[in-house]
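*Asks:* For reference, this is data25.csv, and it has CSV, N, CA and C atoms.
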```csv
chain,number,residue,atom,x,y,z
S,1,MET,N,75.0,-18.9,78.8
S,1,MET,CA,75.3,-19.6,77.5
S,1,MET,C,76.4,-20.6,77.7
S,2,ASN,N,76.5,-21.6,76.9
S,2,ASN,CA,77.5,-22.7,77.0
S,2,ASN,C,78.2,-22.8,75.7
S,3,PHE,N,79.2,-23.7,75.6
S,3,PHE,CA,80.0,-23.9,74.4
S,3,PHE,C,79.2,-24.1,73.2
S,4,SER,N,78.2,-24.9,73.3
S,4,SER,CA,77.4,-25.2,72.1
S,4,SER,C,76.6,-24.0,71.6
S,5,THR,N,76.1,-23.2,72.5
S,5,THR,CA,75.3,-22.0,72.1
S,5,THR,C,76.3,-21.0,71.4
S,6,ARG,N,77.4,-20.8,72.1
S,6,ARG,CA,78.4,-19.8,71.5
S,6,ARG,C,78.9,-20.3,70.1
S,7,LEU,N,79.2,-21.6,70.0
S,7,LEU,CA,79.6,-22.1,68.8
S,7,LEU,C,78.6,-21.9,67.7
S,8,LYS,N,77.3,-22.2,67.9
S,8,LYS,CA,76.3,-22.0,67.0
S,8,LYS,C,76.2,-20.5,66.6
S,9,GLU,N,76.3,-19.6,67.6
S,9,GLU,CA,76.2,-18.2,67.3
S,9,GLU,C,77.4,-17.7,66.4
S,10,GLU,N,78.6,-18.2,66.7
S,10,GLU,CA,79.8,-17.9,65.8
S,10,GLU,C,79.6,-18.4,64.4
S,11,ILE,N,79.1,-19.6,64.3
S,11,ILE,CA,78.9,-20.2,63.0
S,11,ILE,C,77.9,-19.3,62.2
S,12,GLU,N,76.8,-18.9,62.8
S,12,GLU,CA,75.8,-18.0,62.2
S,12,GLU,C,76.4,-16.7,61.9
S,13,TYR,N,77.1,-16.1,62.8
S,13,TYR,CA,77.7,-14.8,62.6
S,13,TYR,C,78.7,-14.8,61.4
S,14,THR,N,79.5,-15.8,61.3
S,14,THR,CA,80.5,-15.8,60.3
S,14,THR,C,79.9,-16.2,58.9
S,15,GLY,N,78.8,-16.9,59.0
S,15,GLY,CA,78.2,-17.4,57.8
S,15,GLY,C,78.9,-18.6,57.2
S,16,ILE,N,79.8,-19.2,57.9
S,16,ILE,CA,80.5,-20.4,57.4
S,16,ILE,C,79.5,-21.6,57.5
S,17,GLN,N,79.6,-22.5,56.5
S,17,GLN,CA,78.9,-23.7,56.5
S,17,GLN,C,79.5,-24.8,57.4
S,18,TYR,N,78.7,-25.6,58.0
S,18,TYR,CA,79.2,-26.6,58.9
S,18,TYR,C,80.3,-27.5,58.2
S,19,LYS,N,80.0,-27.9,56.9
S,19,LYS,CA,80.9,-28.7,56.2
S,19,LYS,C,82.3,-28.0,56.0
S,20,GLU,N,82.2,-26.7,55.7
S,20,GLU,CA,83.4,-25.9,55.5
S,20,GLU,C,84.2,-25.8,56.8
S,21,LEU,N,83.5,-25.5,57.9
S,21,LEU,CA,84.1,-25.4,59.3
S,21,LEU,C,84.8,-26.8,59.6
S,22,ALA,N,84.1,-27.9,59.4
S,22,ALA,CA,84.6,-29.2,59.7
S,22,ALA,C,85.9,-29.4,58.9
S,23,ALA,N,85.9,-29.1,57.6
S,23,ALA,CA,87.1,-29.3,56.8
S,23,ALA,C,88.3,-28.3,57.3
S,24,LYS,N,87.9,-27.1,57.6
S,24,LYS,CA,88.9,-26.1,58.0
S,24,LYS,C,89.5,-26.5,59.4
S,25,SER,N,88.7,-27.1,60.2
S,25,SER,CA,89.1,-27.4,61.6
S,25,SER,C,89.7,-28.8,61.7
S,26,ASP,N,89.6,-29.6,60.6
S,26,ASP,CA,90.0,-31.0,60.5
S,26,ASP,C,89.3,-31.8,61.6
S,27,VAL,N,87.9,-31.6,61.5
S,27,VAL,CA,87.0,-32.3,62.4
S,27,VAL,C,86.0,-33.0,61.6
S,28,LYS,N,85.6,-34.2,61.9
S,28,LYS,CA,84.6,-34.9,61.2
S,28,LYS,C,83.2,-34.1,61.3
S,29,LEU,N,82.5,-34.0,60.2
S,29,LEU,CA,81.3,-33.2,60.2
S,29,LEU,C,80.3,-33.8,61.3
S,30,ARG,N,80.2,-35.1,61.4
S,30,ARG,CA,79.3,-35.7,62.3
S,30,ARG,C,79.7,-35.3,63.8
S,31,ALA,N,81.0,-35.2,64.0
S,31,ALA,CA,81.5,-34.8,65.4
S,31,ALA,C,81.1,-33.3,65.6
S,32,LEU,N,81.3,-32.5,64.6
S,32,LEU,CA,80.9,-31.1,64.8
S,32,LEU,C,79.4,-31.0,65.1
S,33,PHE,N,78.6,-31.8,64.5
S,33,PHE,CA,77.1,-31.7,64.8
S,33,PHE,C,76.9,-32.1,66.2
S,34,THR,N,77.7,-33.0,66.8
S,34,THR,CA,77.4,-33.4,68.2
S,34,THR,C,77.8,-32.3,69.2
S,35,TYR,N,78.6,-31.3,68.7
S,35,TYR,CA,78.9,-30.2,69.6
S,35,TYR,C,77.8,-29.1,69.6
S,36,VAL,N,76.9,-29.2,68.7
S,36,VAL,CA,75.8,-28.2,68.6
S,36,VAL,C,74.4,-28.9,68.7
S,37,ALA,N,74.4,-30.1,69.0
S,37,ALA,CA,73.1,-30.9,69.1
S,37,ALA,C,72.3,-30.4,70.3
S,38,ALA,N,71.1,-31.0,70.4
S,38,ALA,CA,70.2,-30.7,71.5
S,38,ALA,C,70.8,-31.1,72.8
S,39,ASN,N,71.5,-32.2,72.9
S,39,ASN,CA,72.2,-32.6,74.1
S,39,ASN,C,73.7,-32.7,73.7
S,40,PRO,N,74.4,-31.5,73.6
S,40,PRO,CA,75.7,-31.5,73.0
S,40,PRO,C,76.8,-32.1,73.9
S,41,SER,N,77.8,-32.6,73.2
S,41,SER,CA,79.0,-33.0,74.0
S,41,SER,C,80.1,-31.9,73.8
S,42,MET,N,81.0,-31.9,74.8
S,42,MET,CA,82.1,-31.0,74.7
S,42,MET,C,83.2,-31.6,74.0
S,43,PRO,N,83.8,-30.9,73.0
S,43,PRO,CA,84.9,-31.5,72.2
S,43,PRO,C,86.2,-31.6,73.1
S,44,PRO,N,87.1,-32.5,72.7
S,44,PRO,CA,88.4,-32.5,73.4
S,44,PRO,C,89.1,-31.2,73.2
S,45,ALA,N,90.0,-30.8,74.1
S,45,ALA,CA,90.7,-29.5,74.0
S,45,ALA,C,91.3,-29.2,72.7
S,46,ASP,N,92.0,-30.2,72.1
S,46,ASP,CA,92.7,-29.9,70.8
S,46,ASP,C,91.7,-29.6,69.7
S,47,VAL,N,90.5,-30.3,69.7
S,47,VAL,CA,89.5,-30.0,68.7
S,47,VAL,C,88.9,-28.6,69.0
S,48,ALA,N,88.6,-28.3,70.2
S,48,ALA,CA,88.1,-27.0,70.5
S,48,ALA,C,89.0,-25.9,70.0
S,49,VAL,N,90.3,-26.1,70.2
S,49,VAL,CA,91.3,-25.1,69.7
S,49,VAL,C,91.2,-25.0,68.2
S,50,ARG,N,91.1,-26.1,67.5
S,50,ARG,CA,91.1,-26.0,66.0
S,50,ARG,C,89.8,-25.3,65.6
S,51,ILE,N,88.7,-25.6,66.2
S,51,ILE,CA,87.4,-25.0,65.8
S,51,ILE,C,87.5,-23.5,66.1
S,52,ALA,N,88.0,-23.1,67.3
S,52,ALA,CA,88.1,-21.7,67.6
S,52,ALA,C,89.0,-20.9,66.6
S,53,ASN,N,90.2,-21.5,66.3
S,53,ASN,CA,91.1,-20.9,65.4
S,53,ASN,C,90.4,-20.7,64.0
S,54,SER,N,89.6,-21.7,63.6
S,54,SER,CA,88.9,-21.6,62.3
S,54,SER,C,87.9,-20.5,62.3
S,55,LEU,N,87.3,-20.2,63.5
S,55,LEU,CA,86.3,-19.1,63.6
S,55,LEU,C,86.9,-17.8,64.0
S,56,ASN,N,88.2,-17.8,64.2
S,56,ASN,CA,88.9,-16.6,64.6
S,56,ASN,C,88.4,-16.0,65.9
S,57,VAL,N,88.2,-16.9,66.8
S,57,VAL,CA,87.9,-16.6,68.2
S,57,VAL,C,88.8,-17.4,69.1
S,58,SER,N,88.8,-17.0,70.4
S,58,SER,CA,89.6,-17.8,71.3
S,58,SER,C,88.8,-19.0,71.9
S,59,VAL,N,89.5,-20.0,72.3
S,59,VAL,CA,88.9,-21.1,72.9
S,59,VAL,C,88.2,-20.7,74.2
S,60,GLU,N,88.9,-19.8,74.9
S,60,GLU,CA,88.3,-19.2,76.2
S,60,GLU,C,86.9,-18.6,75.9
S,61,TYR,N,86.8,-17.9,74.8
S,61,TYR,CA,85.5,-17.3,74.5
S,61,TYR,C,84.4,-18.4,74.2
S,62,LEU,N,84.8,-19.4,73.5
S,62,LEU,CA,83.8,-20.5,73.2
S,62,LEU,C,83.4,-21.3,74.5
S,63,VAL,N,84.4,-21.4,75.4
S,63,VAL,CA,84.1,-22.2,76.6
S,63,VAL,C,83.4,-21.4,77.7
S,64,ASN,N,83.8,-20.1,77.9
S,64,ASN,CA,83.2,-19.4,79.0
S,64,ASN,C,82.7,-18.0,78.6
S,65,GLY,N,82.8,-17.6,77.4
S,65,GLY,CA,82.2,-16.4,76.9
S,65,GLY,C,83.1,-15.2,77.1
S,66,LYS,N,84.3,-15.4,77.6
S,66,LYS,CA,85.2,-14.3,77.9
S,66,LYS,C,86.5,-14.3,77.0
S,67,GLU,N,87.0,-13.2,76.6
S,67,GLU,CA,88.2,-13.1,75.8
S,67,GLU,C,89.3,-12.8,76.8
S,68,SER,N,90.5,-13.5,76.5
S,68,SER,CA,91.6,-13.2,77.4
S,68,SER,C,92.3,-11.9,76.8
S,69,ASP,N,93.0,-11.2,77.7
S,69,ASP,CA,93.7,-10.0,77.2
S,69,ASP,C,94.7,-10.3,76.2
S,70,LEU,N,95.4,-11.5,76.3
S,70,LEU,CA,96.4,-11.9,75.4
S,70,LEU,C,95.8,-12.1,74.0
S,71,TYR,N,94.6,-12.7,73.9
S,71,TYR,CA,94.0,-12.9,72.6
S,71,TYR,C,93.7,-11.6,72.0
S,72,GLU,N,93.2,-10.6,72.8
S,72,GLU,CA,92.8,-9.3,72.2
S,72,GLU,C,94.0,-8.6,71.7
S,73,VAL,N,95.2,-8.7,72.4
S,73,VAL,CA,96.4,-8.1,71.9
S,73,VAL,C,96.9,-8.8,70.6
S,74,HIS,N,96.7,-10.1,70.5
S,74,HIS,CA,97.1,-10.8,69.4
S,74,HIS,C,96.3,-10.4,68.1
S,75,ILE,N,95.0,-10.2,68.3
S,75,ILE,CA,94.1,-9.8,67.2
S,75,ILE,C,94.5,-8.4,66.8
S,76,LYS,N,94.7,-7.5,67.8
S,76,LYS,CA,95.0,-6.1,67.4
S,76,LYS,C,96.3,-6.0,66.7
S,77,CYS,N,97.3,-6.8,67.0
S,77,CYS,CA,98.6,-6.8,66.4
S,77,CYS,C,98.5,-7.4,64.9
S,78,ALA,N,97.5,-8.3,64.7
S,78,ALA,CA,97.4,-8.9,63.4
S,78,ALA,C,96.7,-8.0,62.4
S,79,ILE,N,96.0,-7.0,62.9
S,79,ILE,CA,95.3,-6.0,62.1
S,79,ILE,C,96.2,-5.0,61.5
```
Take the structure in this file and express it as structure tokens.
*Replies:*
Amino acid sequence: MNFSTRLKEEIEYTGIQYKELAAKSDVKLRALFTYVAANPSMPPADVAVRIANSLNVSVEYLVNGKESDLYEVHIKCAI
């Protein structure tokens, strides 16, 4: 899996609308669609961070499918 596939899966899992995610992440809707298109582009690091934060996942997960131990500790502490 790649960034685009994981991003699409997280969007479906959370049930968030693309328009809502774009607003929450401060990303243009058109740009967001380019990250999940048939031939997707990879967002700049700062944009990937904002998208990940809006979906409550780590950037590391969106990029390579793995969660860092630090992220898991952060989530457990937040609960």
*Asks:* With distances taken over all atoms listed in the file, which of S:Met1, S:Ala37, S:Ile16, S:Ala22 is nearest to Ile51 (chain S)?
*Replies:*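 Distance minimum relative to Ile51 (chain S) lands on S:Ala22.
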*Asks:* Could you work out how far CA of Ser58 (chain S) lies from atom C of Tyr18 (chain S), giving the answer in Å with one decimal?
*Replies:*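 Computing it gives 18.8 Å between the two atoms.
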*Asks:* Which one is closest to Ala45 (chain S): S:Leu7, S:Leu29, S:Val59, S:Leu21? Count only C-alpha atoms.
*Replies:*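 Distance minimum relative to Ala45 (chain S) lands on S:Val59.
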*Asks:* Choose the residue, out of S:Ser25, S:Thr34, S:Thr14, S:Asn64, that has the smallest atom-to-atom separation from Ala48 (chain S); count only C-alpha atoms.
*Replies:*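 Checking each candidate against Ala48 (chain S), we get S:Ser25 as the closest.
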*Asks:* Give me every helix (DSSP H, G or I) residue in chain S, going by DSSP on the backbone, as a ChimeraX atom specification.
*Replies:* /S:3-14,18-25,29-35,45-55,59-64,69-78
*Asks:* Kindly give the distance, in Å, that separates CA of Lys28 (chain S) and atom C of Gly65 (chain S), rounded to a single decimal.
*Replies:*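 Interatomic distance here is 25.4 Å.
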*Asks:* For CA of Arg6 (chain S) and CA of Arg50 (chain S), quote the distance in Å rounded to one decimal.
*Replies:*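 Separating CA of Arg6 (chain S) from CA of Arg50 (chain S) is a distance of 15.2 Å.
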*Asks:* Which protein, DNA or RNA residues are at most 9 Å from (85.4, -18.1, 59.6) in the file's coordinates when you count only C-alpha atoms, listed as a PDB file with N, CA and C atoms, in the coordinates of the input?
*Replies:*
```pdb
ATOM      1  N   GLU S  10      78.600 -18.200  66.700  1.00  0.00           N
ATOM      2  CA  GLU S  10      79.800 -17.900  65.800  1.00  0.00           C
ATOM      3  C   GLU S  10      79.600 -18.400  64.400  1.00  0.00           C
ATOM      4  N   ILE S  11      79.100 -19.600  64.300  1.00  0.00           N
ATOM      5  CA  ILE S  11      78.900 -20.200  63.000  1.00  0.00           C
ATOM      6  C   ILE S  11      77.900 -19.300  62.200  1.00  0.00           C
ATOM      7  N   TYR S  13      77.100 -16.100  62.800  1.00  0.00           N
ATOM      8  CA  TYR S  13      77.700 -14.800  62.600  1.00  0.00           C
ATOM      9  C   TYR S  13      78.700 -14.800  61.400  1.00  0.00           C
ATOM     10  N   THR S  14      79.500 -15.800  61.300  1.00  0.00           N
ATOM     11  CA  THR S  14      80.500 -15.800  60.300  1.00  0.00           C
ATOM     12  C   THR S  14      79.900 -16.200  58.900  1.00  0.00           C
ATOM     13  N   GLY S  15      78.800 -16.900  59.000  1.00  0.00           N
ATOM     14  CA  GLY S  15      78.200 -17.400  57.800  1.00  0.00           C
ATOM     15  C   GLY S  15      78.900 -18.600  57.200  1.00  0.00           C
ATOM     16  N   ILE S  16      79.800 -19.200  57.900  1.00  0.00           N
ATOM     17  CA  ILE S  16      80.500 -20.400  57.400  1.00  0.00           C
ATOM     18  C   ILE S  16      79.500 -21.600  57.500  1.00  0.00           C
ATOM     19  N   LEU S  21      83.500 -25.500  57.900  1.00  0.00           N
ATOM     20  CA  LEU S  21      84.100 -25.400  59.300  1.00  0.00           C
ATOM     21  C   LEU S  21      84.800 -26.800  59.600  1.00  0.00           C
ATOM     22  N   LYS S  24      87.900 -27.100  57.600  1.00  0.00           N
ATOM     23  CA  LYS S  24      88.900 -26.100  58.000  1.00  0.00           C
ATOM     24  C   LYS S  24      89.500 -26.500  59.400  1.00  0.00           C
ATOM     25  N   ASN S  53      90.200 -21.500  66.300  1.00  0.00           N
ATOM     26  CA  ASN S  53      91.100 -20.900  65.400  1.00  0.00           C
ATOM     27  C   ASN S  53      90.400 -20.700  64.000  1.00  0.00           C
ATOM     28  N   SER S  54      89.600 -21.700  63.600  1.00  0.00           N
ATOM     29  CA  SER S  54      88.900 -21.600  62.300  1.00  0.00           C
ATOM     30  C   SER S  54      87.900 -20.500  62.300  1.00  0.00           C
ATOM     31  N   LEU S  55      87.300 -20.200  63.500  1.00  0.00           N
ATOM     32  CA  LEU S  55      86.300 -19.100  63.600  1.00  0.00           C
ATOM     33  C   LEU S  55      86.900 -17.800  64.000  1.00  0.00           C
ATOM     34  N   ASN S  56      88.200 -17.800  64.200  1.00  0.00           N
ATOM     35  CA  ASN S  56      88.900 -16.600  64.600  1.00  0.00           C
ATOM     36  C   ASN S  56      88.400 -16.000  65.900  1.00  0.00           C
TER      37      ASN S  56
END
```
*Asks:* Enumerate, as a ChimeraX atom specification, the protein, DNA and RNA residues whose atoms approach (79.8, -25.9, 71.3) to within 7 Å, taking into account all atoms listed in the file and the coordinate frame of the file.
*Replies:* /S:2-8,35-36,41-43,62
*Asks:* Would you save the residues of that selection, restricted to N, CA and C atoms, as a compact mmCIF listing (two decimals), keeping the file's coordinate frame?
*Replies:*
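This went into out28.txt:
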```txt
# COMPACT_ATOMS: atom_id res chain seq x y z
N ASN S 2 76.50 -21.60 76.90
CA ASN S 2 77.50 -22.70 77.00
C ASN S 2 78.20 -22.80 75.70
N PHE S 3 79.20 -23.70 75.60
CA PHE S 3 80.00 -23.90 74.40
C PHE S 3 79.20 -24.10 73.20
N SER S 4 78.20 -24.90 73.30
CA SER S 4 77.40 -25.20 72.10
C SER S 4 76.60 -24.00 71.60
N THR S 5 76.10 -23.20 72.50
CA THR S 5 75.30 -22.00 72.10
C THR S 5 76.30 -21.00 71.40
N ARG S 6 77.40 -20.80 72.10
CA ARG S 6 78.40 -19.80 71.50
C ARG S 6 78.90 -20.30 70.10
N LEU S 7 79.20 -21.60 70.00
CA LEU S 7 79.60 -22.10 68.80
C LEU S 7 78.60 -21.90 67.70
N LYS S 8 77.30 -22.20 67.90
CA LYS S 8 76.30 -22.00 67.00
C LYS S 8 76.20 -20.50 66.60
N TYR S 35 78.60 -31.30 68.70
CA TYR S 35 78.90 -30.20 69.60
C TYR S 35 77.80 -29.10 69.60
N VAL S 36 76.90 -29.20 68.70
CA VAL S 36 75.80 -28.20 68.60
C VAL S 36 74.40 -28.90 68.70
N SER S 41 77.80 -32.60 73.20
CA SER S 41 79.00 -33.00 74.00
C SER S 41 80.10 -31.90 73.80
N MET S 42 81.00 -31.90 74.80
CA MET S 42 82.10 -31.00 74.70
C MET S 42 83.20 -31.60 74.00
N PRO S 43 83.80 -30.90 73.00
CA PRO S 43 84.90 -31.50 72.20
C PRO S 43 86.20 -31.60 73.10
N LEU S 62 84.80 -19.40 73.50
CA LEU S 62 83.80 -20.50 73.20
C LEU S 62 83.40 -21.30 74.50
```
